[in-house]
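The data block below is query.cif; it holds mmCIF, C-alpha atoms (C1' of nucleotides).
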data_protein
loop_
_atom_site.label_atom_id
_atom_site.label_comp_id
_atom_site.auth_asym_id
_atom_site.auth_seq_id
_atom_site.Cartn_x
_atom_site.Cartn_y
_atom_site.Cartn_z
CA MET A 30 -86.31 13.08 22.37
CA ALA A 31 -85.39 10.02 20.39
CA GLU A 32 -82.25 8.62 21.80
CA PRO A 33 -81.56 5.14 23.01
CA VAL A 34 -82.87 4.56 26.49
CA GLY A 35 -81.86 0.97 26.07
CA MET A 36 -82.15 -1.48 23.25
CA ALA A 37 -83.33 -5.02 23.50
CA LYS A 38 -81.49 -7.45 25.64
CA PRO A 39 -80.37 -10.27 23.42
CA GLY A 40 -77.84 -12.54 24.97
CA GLY A 41 -75.87 -10.07 27.01
CA GLU A 42 -77.78 -7.38 28.85
CA ASN A 43 -77.85 -3.95 27.33
CA LEU A 44 -77.35 -1.43 30.08
CA LEU A 45 -77.29 1.77 28.07
CA PHE A 46 -80.13 3.08 30.20
CA LEU A 47 -77.85 3.02 33.22
CA THR A 48 -75.24 5.50 32.00
CA ASP A 49 -74.49 8.52 34.15
CA GLU A 50 -75.97 10.67 31.41
CA GLN A 51 -79.26 8.78 31.51
CA LEU A 52 -79.31 8.98 35.28
CA ARG A 53 -78.70 12.72 35.21
CA LYS A 54 -81.61 13.19 32.85
CA GLY A 55 -83.79 11.20 35.19
CA ILE A 56 -82.70 13.40 38.08
CA GLU A 57 -83.52 16.58 36.21
CA ALA A 58 -86.80 15.14 35.03
CA MET A 59 -87.75 14.57 38.65
CA PHE A 60 -86.81 18.12 39.54
CA PHE A 61 -88.72 19.84 36.77
CA ALA A 62 -91.73 17.55 36.93
CA TYR A 63 -92.11 17.94 40.67
CA ARG A 64 -92.07 21.68 40.29
CA ALA A 65 -94.93 21.48 37.83
CA PHE A 66 -96.68 18.89 39.97
CA THR A 67 -96.91 21.24 42.94
CA ALA A 68 -97.48 24.45 41.00
CA ASP A 69 -101.24 24.09 40.48
CA PRO A 70 -102.18 23.41 44.11
CA ASP A 71 -99.76 26.10 45.28
CA ARG A 72 -101.60 28.68 43.23
CA ILE A 73 -104.91 27.69 44.78
CA LEU A 74 -103.53 27.66 48.30
CA GLU A 75 -102.43 31.26 48.01
CA ASN A 76 -106.07 32.31 47.98
CA TYR A 77 -106.62 30.62 51.33
CA GLU A 78 -103.36 31.71 52.96
CA TYR A 79 -102.36 28.10 53.31
CA GLY A 80 -99.17 26.37 52.20
CA ARG A 81 -98.08 23.08 50.80
CA ALA A 82 -98.00 21.55 54.28
CA HIS A 83 -101.73 22.16 54.65
CA HIS A 84 -102.36 20.50 51.32
CA ARG A 85 -100.45 17.38 52.30
CA ALA A 86 -102.32 17.06 55.58
CA ILE A 87 -105.67 17.50 53.89
CA HIS A 88 -104.79 14.98 51.22
CA PHE A 89 -103.96 12.17 53.62
CA ILE A 90 -106.83 12.92 55.99
CA ASN A 91 -109.16 12.64 53.03
CA ARG A 92 -107.41 9.51 51.92
CA GLN A 93 -107.83 7.71 55.20
CA PRO A 94 -110.50 9.36 57.37
CA GLY A 95 -110.11 8.83 61.09
CA LEU A 96 -106.37 8.33 61.01
CA THR A 97 -104.48 9.41 64.11
CA VAL A 98 -102.05 12.29 64.34
CA ASN A 99 -99.22 9.86 64.81
CA THR A 100 -100.08 7.92 61.68
CA LEU A 101 -100.28 11.11 59.67
CA LEU A 102 -96.96 12.13 61.16
CA SER A 103 -95.19 9.05 59.90
CA MET A 104 -96.69 9.49 56.44
CA LEU A 105 -95.67 13.09 56.11
CA GLY A 106 -92.27 12.53 57.64
CA VAL A 107 -92.23 15.76 59.65
CA THR A 108 -92.07 16.44 63.36
CA LYS A 109 -95.21 16.64 65.45
CA GLN A 110 -94.42 20.25 66.25
CA SER A 111 -94.37 21.12 62.60
CA LEU A 112 -97.54 19.21 61.84
CA ASN A 113 -99.27 20.59 64.91
CA ARG A 114 -98.96 24.14 63.72
CA VAL A 115 -100.59 23.23 60.42
CA LEU A 116 -103.26 21.06 61.99
CA ARG A 117 -104.22 23.71 64.51
CA THR A 118 -104.98 26.27 61.85
CA LEU A 119 -107.01 23.73 59.89
CA VAL A 120 -109.07 22.87 62.97
CA GLU A 121 -109.50 26.52 63.89
CA ASP A 122 -110.69 27.29 60.39
CA GLY A 123 -113.19 24.46 60.51
CA LEU A 124 -111.69 22.34 57.76
CA VAL A 125 -110.56 19.47 59.95
CA GLU A 126 -112.19 17.83 62.95
CA ALA A 127 -110.05 16.09 65.59
CA ARG A 128 -112.16 13.55 67.46
CA VAL A 129 -110.96 12.03 70.69
CA GLY A 130 -110.49 8.28 70.37
CA ARG A 131 -113.06 5.97 71.89
CA ASN A 132 -110.77 3.10 72.81
CA ASP A 133 -107.77 5.25 73.49
CA LYS A 134 -108.79 8.70 74.48
CA ARG A 135 -105.28 10.03 74.02
CA GLU A 136 -105.56 9.67 70.32
CA ARG A 137 -107.05 12.24 68.00
CA HIS A 138 -108.80 10.87 64.97
CA LEU A 139 -108.78 13.29 62.08
CA HIS A 140 -111.64 13.90 59.68
CA LEU A 141 -112.34 16.50 57.04
CA THR A 142 -115.40 18.67 57.52
CA VAL A 143 -117.62 19.52 54.58
CA GLY A 144 -115.54 22.62 54.01
CA GLY A 145 -112.32 20.66 54.25
CA ALA A 146 -113.56 18.13 51.74
CA ALA A 147 -114.43 20.95 49.37
CA LEU A 148 -110.92 22.36 49.50
CA GLU A 149 -109.47 18.89 49.10
CA ARG A 150 -111.53 18.43 46.00
CA GLU A 151 -110.45 21.72 44.54
CA LEU A 152 -106.78 20.94 45.14
CA SER A 153 -106.80 17.37 43.93
CA ASP A 154 -108.86 18.27 40.89
CA ALA A 155 -106.14 20.63 39.81
CA GLN A 156 -103.45 18.08 40.42
CA ARG A 157 -105.33 15.27 38.73
CA THR A 158 -106.00 17.39 35.69
CA ARG A 159 -102.30 17.78 35.03
CA MET A 160 -101.58 14.15 35.71
CA ARG A 161 -104.45 12.99 33.56
CA ALA A 162 -103.11 14.99 30.64
CA ALA A 163 -99.66 13.49 31.11
CA TYR A 164 -101.08 9.98 31.39
CA ARG A 165 -103.27 10.40 28.38
CA SER A 166 -100.52 11.70 26.15
CA THR A 167 -98.09 8.94 27.05
CA GLY A 168 -100.32 5.89 27.38
CA PRO A 169 -100.72 2.96 29.76
CA THR A 170 -97.34 1.38 29.15
CA ALA A 171 -95.49 4.56 30.01
CA VAL A 172 -97.70 5.08 33.04
CA ALA A 173 -96.90 1.60 34.31
CA GLY A 174 -93.19 2.30 33.95
CA PHE A 175 -93.58 5.67 35.62
CA ARG A 176 -95.19 4.08 38.66
CA GLN A 177 -92.71 1.21 38.79
CA VAL A 178 -89.67 3.45 38.81
CA LEU A 179 -91.14 5.81 41.40
CA GLU A 180 -92.02 2.94 43.67
CA ALA A 181 -88.56 1.46 43.32
CA MET A 182 -87.05 4.80 44.34
CA MET A 183 -88.96 5.01 47.62
CA ASP A 184 -87.46 4.18 50.96
CA PRO A 185 -88.93 0.95 52.31
CA ASP A 186 -90.71 2.82 55.12
CA LEU A 187 -92.34 5.24 52.76
CA ARG A 188 -93.17 2.46 50.34
CA ARG A 189 -95.04 0.75 53.14
CA HIS A 190 -97.29 3.78 53.48
CA TYR A 191 -97.71 3.94 49.74
CA ASN A 192 -98.70 0.29 49.46
CA THR A 193 -100.86 0.36 52.55
CA MET A 194 -102.91 3.09 51.06
CA LYS A 195 -102.84 1.46 47.67
CA ASP A 196 -104.52 -1.69 48.88
CA GLY A 197 -105.91 -0.24 52.06
CA GLN A 198 -109.56 0.53 51.84
CA THR A 199 -111.39 0.14 48.63
CA MET B 16 -115.16 15.62 36.62
CA ALA B 17 -115.07 12.27 38.35
CA GLU B 18 -116.91 10.50 35.59
CA PRO B 19 -116.03 6.90 35.07
CA VAL B 20 -113.16 7.21 32.66
CA GLY B 21 -112.61 3.58 33.20
CA MET B 22 -114.42 1.24 30.95
CA ALA B 23 -113.99 1.52 27.25
CA LYS B 24 -114.44 4.12 24.64
CA PRO B 25 -116.51 3.86 21.52
CA GLY B 26 -113.30 3.43 19.65
CA GLY B 27 -112.39 0.58 21.94
CA GLU B 28 -109.47 2.11 23.81
CA ASN B 29 -109.01 0.88 27.32
CA LEU B 30 -108.65 3.86 29.60
CA LEU B 31 -108.55 2.10 32.94
CA PHE B 32 -105.26 3.84 33.66
CA LEU B 33 -107.06 7.19 33.71
CA THR B 34 -109.37 6.52 36.64
CA ASP B 35 -109.28 8.90 39.58
CA GLU B 36 -107.91 6.05 41.66
CA GLN B 37 -105.01 5.54 39.28
CA LEU B 38 -104.34 9.26 39.22
CA ARG B 39 -104.32 9.42 43.00
CA LYS B 40 -101.78 6.64 43.14
CA GLY B 41 -99.62 8.53 40.69
CA ILE B 42 -99.87 11.64 42.83
CA GLU B 43 -98.84 9.79 45.95
CA ALA B 44 -96.07 8.01 44.10
CA MET B 45 -94.68 11.42 43.16
CA PHE B 46 -94.85 12.58 46.75
CA PHE B 47 -93.15 9.58 48.32
CA ALA B 48 -90.59 9.15 45.57
CA TYR B 49 -89.56 12.79 45.65
CA ARG B 50 -89.04 12.56 49.38
CA ALA B 51 -86.69 9.64 48.87
CA PHE B 52 -85.09 11.35 45.90
CA THR B 53 -84.00 14.32 47.99
CA ALA B 54 -83.22 12.40 51.18
CA ASP B 55 -79.71 11.26 50.24
CA PRO B 56 -78.34 14.66 49.19
CA ASP B 57 -80.07 16.30 52.15
CA ARG B 58 -78.19 14.05 54.53
CA ILE B 59 -74.88 15.01 52.95
CA LEU B 60 -75.70 18.71 52.90
CA GLU B 61 -76.25 18.72 56.65
CA ASN B 62 -72.54 18.13 57.13
CA TYR B 63 -71.78 21.27 55.17
CA GLU B 64 -74.52 23.44 56.65
CA TYR B 65 -76.04 23.82 53.21
CA GLY B 66 -79.55 23.14 52.04
CA ARG B 67 -81.38 21.87 49.03
CA ALA B 68 -81.16 25.22 47.31
CA HIS B 69 -77.36 25.04 47.36
CA HIS B 70 -77.54 21.60 45.83
CA ARG B 71 -79.72 22.78 42.98
CA ALA B 72 -77.45 25.72 42.22
CA ILE B 73 -74.35 23.52 42.25
CA HIS B 74 -76.03 20.97 40.03
CA PHE B 75 -76.91 23.40 37.28
CA ILE B 76 -73.64 25.31 37.44
CA ASN B 77 -71.85 22.02 36.97
CA ARG B 78 -74.24 21.14 34.20
CA GLN B 79 -73.58 24.28 32.22
CA PRO B 80 -70.38 26.04 33.34
CA GLY B 81 -70.25 29.76 32.72
CA LEU B 82 -73.99 30.30 32.78
CA THR B 83 -75.18 33.68 34.03
CA VAL B 84 -77.13 34.33 37.20
CA ASN B 85 -80.16 35.18 35.11
CA THR B 86 -80.07 31.89 33.24
CA LEU B 87 -79.71 29.94 36.44
CA LEU B 88 -82.60 31.93 37.84
CA SER B 89 -84.99 30.91 35.12
CA MET B 90 -84.01 27.26 35.53
CA LEU B 91 -84.53 27.20 39.26
CA GLY B 92 -87.71 29.25 39.12
CA VAL B 93 -86.97 31.36 42.18
CA THR B 94 -86.41 35.07 42.62
CA LYS B 95 -82.99 36.53 42.08
CA GLN B 96 -82.93 37.62 45.72
CA SER B 97 -83.48 34.09 46.91
CA LEU B 98 -80.81 32.70 44.63
CA ASN B 99 -78.39 35.46 45.55
CA ARG B 100 -78.29 34.44 49.19
CA VAL B 101 -77.39 30.89 48.26
CA LEU B 102 -74.88 31.98 45.65
CA ARG B 103 -73.17 34.38 48.02
CA THR B 104 -72.42 31.70 50.59
CA LEU B 105 -71.14 29.37 47.89
CA VAL B 106 -68.80 32.07 46.58
CA GLU B 107 -67.67 33.01 50.09
CA ASP B 108 -66.93 29.37 50.84
CA GLY B 109 -64.91 29.03 47.66
CA LEU B 110 -67.13 26.49 45.94
CA VAL B 111 -68.35 28.77 43.17
CA GLU B 112 -66.55 31.45 41.20
CA ALA B 113 -68.55 34.39 39.78
CA ARG B 114 -66.63 35.97 36.91
CA VAL B 115 -67.66 39.38 35.63
CA GLY B 116 -68.75 39.20 32.02
CA ARG B 117 -66.34 40.46 29.37
CA ASN B 118 -68.86 41.77 26.89
CA ASP B 119 -71.45 42.74 29.45
CA LYS B 120 -69.96 43.64 32.79
CA ARG B 121 -73.34 43.41 34.51
CA GLU B 122 -73.36 39.67 34.06
CA ARG B 123 -71.77 37.16 36.41
CA HIS B 124 -70.64 33.94 34.82
CA LEU B 125 -70.72 31.06 37.28
CA HIS B 126 -68.19 28.26 37.55
CA LEU B 127 -67.51 25.55 40.11
CA THR B 128 -64.11 25.57 41.75
CA VAL B 129 -62.26 22.33 42.40
CA GLY B 130 -63.90 22.17 45.80
CA GLY B 131 -67.32 22.89 44.33
CA ALA B 132 -66.90 20.14 41.79
CA ALA B 133 -65.96 17.74 44.57
CA LEU B 134 -69.15 18.48 46.49
CA GLU B 135 -71.18 18.23 43.31
CA ARG B 136 -69.73 14.81 42.73
CA GLU B 137 -70.49 13.67 46.23
CA LEU B 138 -74.09 14.83 45.99
CA SER B 139 -74.83 13.50 42.54
CA ASP B 140 -73.15 10.20 43.30
CA ALA B 141 -75.59 9.67 46.14
CA GLN B 142 -78.55 10.63 44.00
CA ARG B 143 -77.42 8.55 41.05
CA THR B 144 -76.92 5.51 43.24
CA ARG B 145 -80.56 5.50 44.23
CA MET B 146 -81.76 6.17 40.72
CA ARG B 147 -79.49 3.52 39.28
CA ALA B 148 -80.92 0.95 41.65
CA ALA B 149 -84.46 1.92 40.69
CA TYR B 150 -83.61 1.84 36.99
CA ARG B 151 -81.89 -1.50 37.24
CA SER B 152 -84.71 -3.17 39.11
CA THR B 153 -87.39 -1.99 36.70
CA GLY B 154 -85.65 -2.13 33.34
CA PRO B 155 -85.37 0.05 30.23
CA THR B 156 -89.02 -0.06 29.25
CA ALA B 157 -90.16 1.21 32.62
CA VAL B 158 -87.44 3.86 32.57
CA ALA B 159 -88.59 5.12 29.21
CA GLY B 160 -92.15 5.41 30.51
CA PHE B 161 -90.95 7.11 33.67
CA ARG B 162 -89.17 9.79 31.67
CA GLN B 163 -92.02 10.21 29.21
CA VAL B 164 -94.61 10.83 31.89
CA LEU B 165 -92.39 13.22 33.83
CA GLU B 166 -91.65 15.20 30.70
CA ALA B 167 -95.32 15.39 29.83
CA MET B 168 -96.08 16.77 33.29
CA MET B 169 -93.68 19.69 32.98
CA ASP B 170 -94.76 23.21 32.21
CA PRO B 171 -93.65 24.18 28.71
CA ASP B 172 -91.16 26.71 30.06
CA LEU B 173 -89.53 24.21 32.34
CA ARG B 174 -89.57 21.57 29.66
CA ARG B 175 -87.59 23.94 27.47
CA HIS B 176 -84.83 24.03 30.07
CA TYR B 177 -84.98 20.28 30.42
CA ASN B 178 -84.63 19.69 26.71
CA THR B 179 -81.98 22.34 26.25
CA MET B 180 -79.81 20.66 28.75
CA LYS B 181 -80.69 17.25 27.45
CA ASP B 182 -79.20 17.98 24.05
CA GLY B 183 -76.53 20.20 25.49
CA GLN B 184 -73.47 18.03 25.67
CA THR B 185 -73.99 14.55 24.48
"C1'" DC C 4 -103.01 1.62 93.14
"C1'" DT C 5 -98.93 3.34 92.02
"C1'" DT C 6 -95.80 4.05 88.60
"C1'" DG C 7 -93.59 3.86 84.01
"C1'" DG C 8 -94.16 5.00 79.47
"C1'" DA C 9 -96.68 6.19 75.21
"C1'" DA C 10 -99.48 9.77 72.86
"C1'" DA C 11 -100.62 14.34 72.27
"C1'" DG C 12 -99.95 19.03 72.75
"C1'" DT C 13 -97.50 23.60 73.98
"C1'" DC C 14 -93.80 27.07 74.09
"C1'" DA C 15 -89.44 28.79 72.56
"C1'" DA C 16 -85.72 29.35 69.55
"C1'" DC C 17 -83.61 28.64 65.29
"C1'" DA C 18 -82.45 27.55 60.14
"C1'" DA C 19 -83.52 27.12 55.19
"C1'" DC C 20 -85.50 29.33 51.64
"C1'" DG C 21 -89.32 31.22 49.49
"C1'" DC C 22 -91.07 36.35 48.92
"C1'" DT C 23 -91.20 41.88 48.20
"C1'" DG C 24 -89.07 46.42 48.27
"C1'" DA C 25 -85.26 49.45 47.75
"C1'" DC C 26 -81.08 50.31 45.62
"C1'" DA C 27 -76.41 50.33 42.93
"C1'" DT C 28 -74.26 49.74 38.68
"C1'" DA C 29 -73.79 48.77 33.77
"C1'" DA C 30 -75.60 48.88 29.20
"C1'" DT C 31 -78.61 50.80 25.90
"C1'" DA C 32 -81.89 53.84 23.74
"C1'" DT C 33 -83.48 58.52 22.96
"C1'" DA D 11 -76.52 63.64 28.38
"C1'" DT D 12 -80.02 61.64 30.10
"C1'" DA D 13 -83.75 58.33 30.75
"C1'" DT D 14 -84.73 53.57 30.71
"C1'" DT D 15 -83.76 48.78 31.01
"C1'" DA D 16 -81.03 44.83 32.72
"C1'" DT D 17 -78.40 42.69 36.20
"C1'" DG D 18 -77.16 41.78 40.60
"C1'" DT D 19 -77.07 43.06 45.88
"C1'" DC D 20 -78.85 44.16 50.53
"C1'" DA D 21 -82.53 44.18 54.11
"C1'" DG D 22 -86.45 42.38 56.09
"C1'" DC D 23 -90.51 39.22 56.40
"C1'" DG D 24 -93.39 34.65 56.25
"C1'" DT D 25 -93.80 29.61 55.90
"C1'" DT D 26 -92.32 25.47 57.34
"C1'" DG D 27 -88.95 22.56 58.61
"C1'" DT D 28 -85.86 21.48 62.93
"C1'" DT D 29 -84.48 20.51 68.24
"C1'" DG D 30 -85.23 20.85 73.17
"C1'" DA D 31 -87.89 21.17 77.32
"C1'" DC D 32 -92.08 20.57 79.43
"C1'" DT D 33 -97.08 19.30 80.68
"C1'" DT D 34 -101.21 16.57 80.44
"C1'" DT D 35 -103.66 12.50 79.69
"C1'" DC D 36 -104.14 7.88 79.67
"C1'" DC D 37 -103.03 2.77 79.52
"C1'" DA D 38 -100.89 -1.04 81.54
"C1'" DA D 39 -97.70 -3.67 84.43
"C1'" DG D 40 -95.90 -4.51 88.81
#
In structure tokens, write the structure found in this file.
Amino acid sequence: MAEPVGMAKPGGENLLFLTDEQLRKGIEAMFFAYRAFTADPDRILENYEYGRAHHRAIHFINRQPGLTVNTLLSMLGVTKQSLNRVLRTLVEDGLVEARVGRNDKRERHLHLTVGGAALERELSDAQRTRMRAAYRSTGPTAVAGFRQVLEAMMDPDLRRHYNTMKDGQT
Amino acid sequence: MAEPVGMAKPGGENLLFLTDEQLRKGIEAMFFAYRAFTADPDRILENYEYGRAHHRAIHFINRQPGLTVNTLLSMLGVTKQSLNRVLRTLVEDGLVEARVGRNDKRERHLHLTVGGAALERELSDAQRTRMRAAYRSTGPTAVAGFRQVLEAMMDPDLRRHYNTMKDGQT
DNA sequence: CTTGGAAAGTCAACAACGCTGACATAATAT
DNA sequence: ATATTATGTCAGCGTTGTTGACTTTCCAAG
């Protein structure tokens, strides 16, 4: 630790934090942190014979109950065939309910069952625990920067989903 | 769990940034940002019929030339069998050279060839471009926080690799 | 009311990349 | 010298991503 990530910016801008070396460290930080970020849920999922794809589906269904398959598709950024395989097992196992739309009966509105909500809680508890520890040890200023940089890295389409959910339904 | 971490503490610290809602936003920020983070290299790799695993191997071989298969293994956190498949294609295609160790002939010391270095450059250029844009638009304070939180999230073992390389060749 | 198109789902095949098990070879310890 | 440990390879399997082709259901416009 303890090296210049960028000094003040007096008259001329100091751009030390934009060197290739700094960028490489950021890249590796993303790699190692993401590995840790997914490790806890992955361990839990093994007990249920589910994978990371199931976790992601459960997360967003919990986040926005009643969303359609198509909406979920665009959030996850996978093909419908890939999502369908995951969704089918979750419905079969009674963790997710797919209700036919009232206005548009072609649509399937997705909800977690009681069992699905329980698994969601178990998974997100594990993930939040790690993130809470990281947040706590670094403080609110670092957390704000963390979120700002991540948001700036997103593709506009993905950022739309992120922001939608951020403001969406409180 | 799920207690209001929000308000204030006896001491007077404001812990609003530790609410479950804030944590959830951090989790989703990680998800969406990582997707964007890998999107650029993934697009390039398609042209070469390689995948993300090849990228990771190339990155770390470039980062620390001459490292052994075992060392690379512990950085990537996969099984040696999984890495071997990737490494074999890279050697066959003339992007990586695996030199038998002089002291210990069991070891293979890995180096990028000229062609391997060229691909590494192409991939990391794409990744750096996105990260540079994010860094520039958020500034050095945010970048420092970004790195701090990511580092705090890592497992100790992975963090060791991260720090080792960080000090490696400044 | 017929038809065009969007939404959802299915089936098949394939690729990337995790995994375990079995094995060959080299170094080391007994 | 022989057994054990370390390193790397080969073979096969599972998850999850992909594309392509196709059907069914439904809404809406002509």
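Across A:Gly174, A:Thr97, A:Gln156, A:Asn76, the tightest approach to chain C is made by A:Thr97 when counting all atoms listed in the file.
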Could you please select, counting only C-alpha atoms (C1' of nucleotides), the residues of chain B within 12 Å of chain D and state them as a PyMOL selection string? chain B and resi 61+66+83-86+88+94-100+102-103+113+115-116+119-124
How about saving the chosen residues, C-alpha atoms kept, as an mmCIF file, keeping the file's coordinate frame?
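Done, and the output landed in selection.cif:
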data_model
loop_
_atom_site.group_PDB
_atom_site.id
_atom_site.type_symbol
_atom_site.label_atom_id
_atom_site.label_comp_id
_atom_site.auth_asym_id
_atom_site.auth_seq_id
_atom_site.Cartn_x
_atom_site.Cartn_y
_atom_site.Cartn_z
ATOM 1 C CA GLU B 61 -76.250 18.720 56.650
ATOM 2 C CA GLY B 66 -79.550 23.140 52.040
ATOM 3 C CA THR B 83 -75.180 33.680 34.030
ATOM 4 C CA VAL B 84 -77.130 34.330 37.200
ATOM 5 C CA ASN B 85 -80.160 35.180 35.110
ATOM 6 C CA THR B 86 -80.070 31.890 33.240
ATOM 7 C CA LEU B 88 -82.600 31.930 37.840
ATOM 8 C CA THR B 94 -86.410 35.070 42.620
ATOM 9 C CA LYS B 95 -82.990 36.530 42.080
ATOM 10 C CA GLN B 96 -82.930 37.620 45.720
ATOM 11 C CA SER B 97 -83.480 34.090 46.910
ATOM 12 C CA LEU B 98 -80.810 32.700 44.630
ATOM 13 C CA ASN B 99 -78.390 35.460 45.550
ATOM 14 C CA ARG B 100 -78.290 34.440 49.190
ATOM 15 C CA LEU B 102 -74.880 31.980 45.650
ATOM 16 C CA ARG B 103 -73.170 34.380 48.020
ATOM 17 C CA ALA B 113 -68.550 34.390 39.780
ATOM 18 C CA VAL B 115 -67.660 39.380 35.630
ATOM 19 C CA GLY B 116 -68.750 39.200 32.020
ATOM 20 C CA ASP B 119 -71.450 42.740 29.450
ATOM 21 C CA LYS B 120 -69.960 43.640 32.790
ATOM 22 C CA ARG B 121 -73.340 43.410 34.510
ATOM 23 C CA GLU B 122 -73.360 39.670 34.060
ATOM 24 C CA ARG B 123 -71.770 37.160 36.410
ATOM 25 C CA HIS B 124 -70.640 33.940 34.820
#
Show which residues sit within 9 Å of B:Tyr150, as an MDAnalysis selection string. Count all atoms listed in the file, and ignore same-chain residues fewer than 2 positions away. (chainID A and resid 46:47 52 178 181:182) or (chainID B and resid 145:148 152:155 157:158)
What lies within 9 Å of B:Ala141 using only C-alpha atoms (C1' of nucleotides), ignoring chain neighbours under 6 positions off, as a PyMOL selection string? chain B and resi 55-56+59
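Here atom CA of B:Arg58 stands at a distance of 19.4 Å from atom CA of A:Arg188.
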Just need the residues of chain C within 12 Å of chain B, counting all atoms listed in the file, so spit them out as a list in words. DA18, DA19, DC20, DG21, DC22, DT23, DG24, DA27, DT28, DA29, DA30 and DT31 of chain C
To one decimal place, how far is atom CA of A:Met104 from atom CA of A:His84 in Å? 13.4 Å
Given the choices A:Gln93, A:Thr48, A:Asn132, A:Thr118, which gets closest to chain B if the distance is worked out from only C-alpha atoms? A:Thr48
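Of note, atom CA of A:Ala163 and atom CA of B:Gln163 are spaced 8.5 Å apart.
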Taking the file as shown, find all residues satisfying the PyMOL selection byres ((chain A and resi 126) around 6) and write them as JSON, numbers by chain. {"A": [120, 125, 127, 139, 140]}
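Of the residues listed (B:Glu36, B:Glu107, B:Glu135, B:Asp57), B:Glu36 shows the shortest atom-to-atom separation from chain A; distances use all atoms listed in the file.
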Nearest to chain B, chosen from A:Thr170, A:Thr142, A:Pro94, A:Thr193, with all atoms listed in the file counted in the distances: A:Thr170
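Shortest separation to chain A among B:Gly109, B:Gly130, B:Gly41, B:Gly81 occurs at residue B:Gly41, atoms counted being only C-alpha atoms.
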Calculated over all atoms listed in the file, which of the candidates B:Leu127, B:Leu31, B:Ala54, B:Ala48 has the smallest distance to chain A? B:Ala48
Which neighbours of A:Phe89 fall inside 9 Å, counting all atoms listed in the file, when residues of the same chain fewer than 6 positions from it are skipped, and could you give them as an MDAnalysis selection string? chainID A and resid 96 101 104:105
Dump N, CA and C atoms (P, O5', C5', C4', C3', O3' and C1' of nucleotides) of stretch 4-15 of chain C from the given block, as a compact mmCIF listing (two decimals), in the first residue's frame.
# COMPACT_ATOMS: atom_id res chain seq x y z
P DC C 4 -64.73 -12.78 -38.07
O5' DC C 4 -64.42 -13.47 -39.45
C5' DC C 4 -64.03 -12.59 -40.60
C4' DC C 4 -62.56 -12.81 -40.91
C3' DC C 4 -61.84 -13.84 -40.03
O3' DC C 4 -60.69 -14.28 -40.73
C1' DC C 4 -60.90 -11.81 -39.62
P DT C 5 -60.67 -15.64 -41.52
O5' DT C 5 -59.43 -15.39 -42.50
C5' DT C 5 -59.41 -14.21 -43.31
C4' DT C 5 -58.07 -13.50 -43.21
C3' DT C 5 -56.84 -14.41 -43.01
O3' DT C 5 -55.85 -13.97 -43.92
C1' DT C 5 -56.80 -12.66 -41.45
P DT C 6 -54.69 -14.91 -44.37
O5' DT C 6 -53.42 -13.98 -44.12
C5' DT C 6 -53.54 -12.57 -44.32
C4' DT C 6 -52.54 -11.85 -43.42
C3' DT C 6 -51.23 -12.62 -43.18
O3' DT C 6 -50.15 -11.71 -43.23
C1' DT C 6 -52.17 -12.00 -41.13
P DG C 7 -48.76 -12.16 -43.78
O5' DG C 7 -47.76 -11.08 -43.17
C5' DG C 7 -48.22 -9.75 -42.90
C4' DG C 7 -47.62 -9.24 -41.61
C3' DG C 7 -46.22 -9.81 -41.28
O3' DG C 7 -45.40 -8.74 -40.83
C1' DG C 7 -47.68 -10.23 -39.48
P DG C 8 -43.86 -8.93 -40.61
O5' DG C 8 -43.73 -8.81 -39.02
C5' DG C 8 -44.41 -7.76 -38.35
C4' DG C 8 -44.41 -8.03 -36.86
C3' DG C 8 -43.09 -8.60 -36.32
O3' DG C 8 -42.86 -8.01 -35.07
C1' DG C 8 -44.83 -10.03 -35.73
P DA C 9 -41.41 -7.84 -34.52
O5' DA C 9 -41.62 -7.79 -32.95
C5' DA C 9 -42.75 -7.14 -32.40
C4' DA C 9 -43.22 -7.88 -31.15
C3' DA C 9 -42.09 -8.38 -30.25
O3' DA C 9 -42.43 -8.06 -28.91
C1' DA C 9 -43.52 -10.17 -30.82
P DA C 10 -41.39 -8.31 -27.73
O5' DA C 10 -41.91 -9.66 -27.06
C5' DA C 10 -43.20 -9.69 -26.49
C4' DA C 10 -43.44 -11.05 -25.88
C3' DA C 10 -42.27 -11.61 -25.08
O3' DA C 10 -42.77 -12.02 -23.82
C1' DA C 10 -42.97 -13.18 -26.72
P DA C 11 -41.72 -12.54 -22.73
O5' DA C 11 -41.82 -14.12 -22.91
C5' DA C 11 -43.09 -14.76 -22.77
C4' DA C 11 -42.99 -16.20 -23.20
C3' DA C 11 -41.84 -16.98 -22.56
O3' DA C 11 -42.39 -17.93 -21.66
C1' DA C 11 -42.10 -17.46 -24.88
P DG C 12 -41.41 -18.80 -20.76
O5' DG C 12 -41.17 -20.10 -21.65
C5' DG C 12 -42.31 -20.85 -22.07
C4' DG C 12 -41.89 -21.84 -23.14
C3' DG C 12 -40.70 -22.72 -22.76
O3' DG C 12 -41.17 -24.04 -22.54
C1' DG C 12 -40.62 -21.99 -25.02
P DT C 13 -40.13 -25.17 -22.09
O5' DT C 13 -39.75 -25.88 -23.47
C5' DT C 13 -40.78 -26.31 -24.35
C4' DT C 13 -40.16 -26.99 -25.56
C3' DT C 13 -39.00 -27.93 -25.23
O3' DT C 13 -39.29 -29.21 -25.75
C1' DT C 13 -38.40 -26.42 -26.96
P DC C 14 -38.37 -30.45 -25.35
O5' DC C 14 -37.36 -30.54 -26.58
C5' DC C 14 -37.89 -30.63 -27.91
C4' DC C 14 -36.76 -30.70 -28.90
C3' DC C 14 -35.54 -31.50 -28.42
O3' DC C 14 -35.15 -32.40 -29.44
C1' DC C 14 -34.88 -29.35 -29.14
P DA C 15 -34.03 -33.50 -29.12
O5' DA C 15 -32.80 -32.92 -29.94
C5' DA C 15 -33.01 -32.31 -31.23
C4' DA C 15 -31.72 -31.71 -31.72
C3' DA C 15 -30.46 -32.41 -31.20
O3' DA C 15 -29.61 -32.73 -32.28
C1' DA C 15 -30.31 -30.07 -30.87
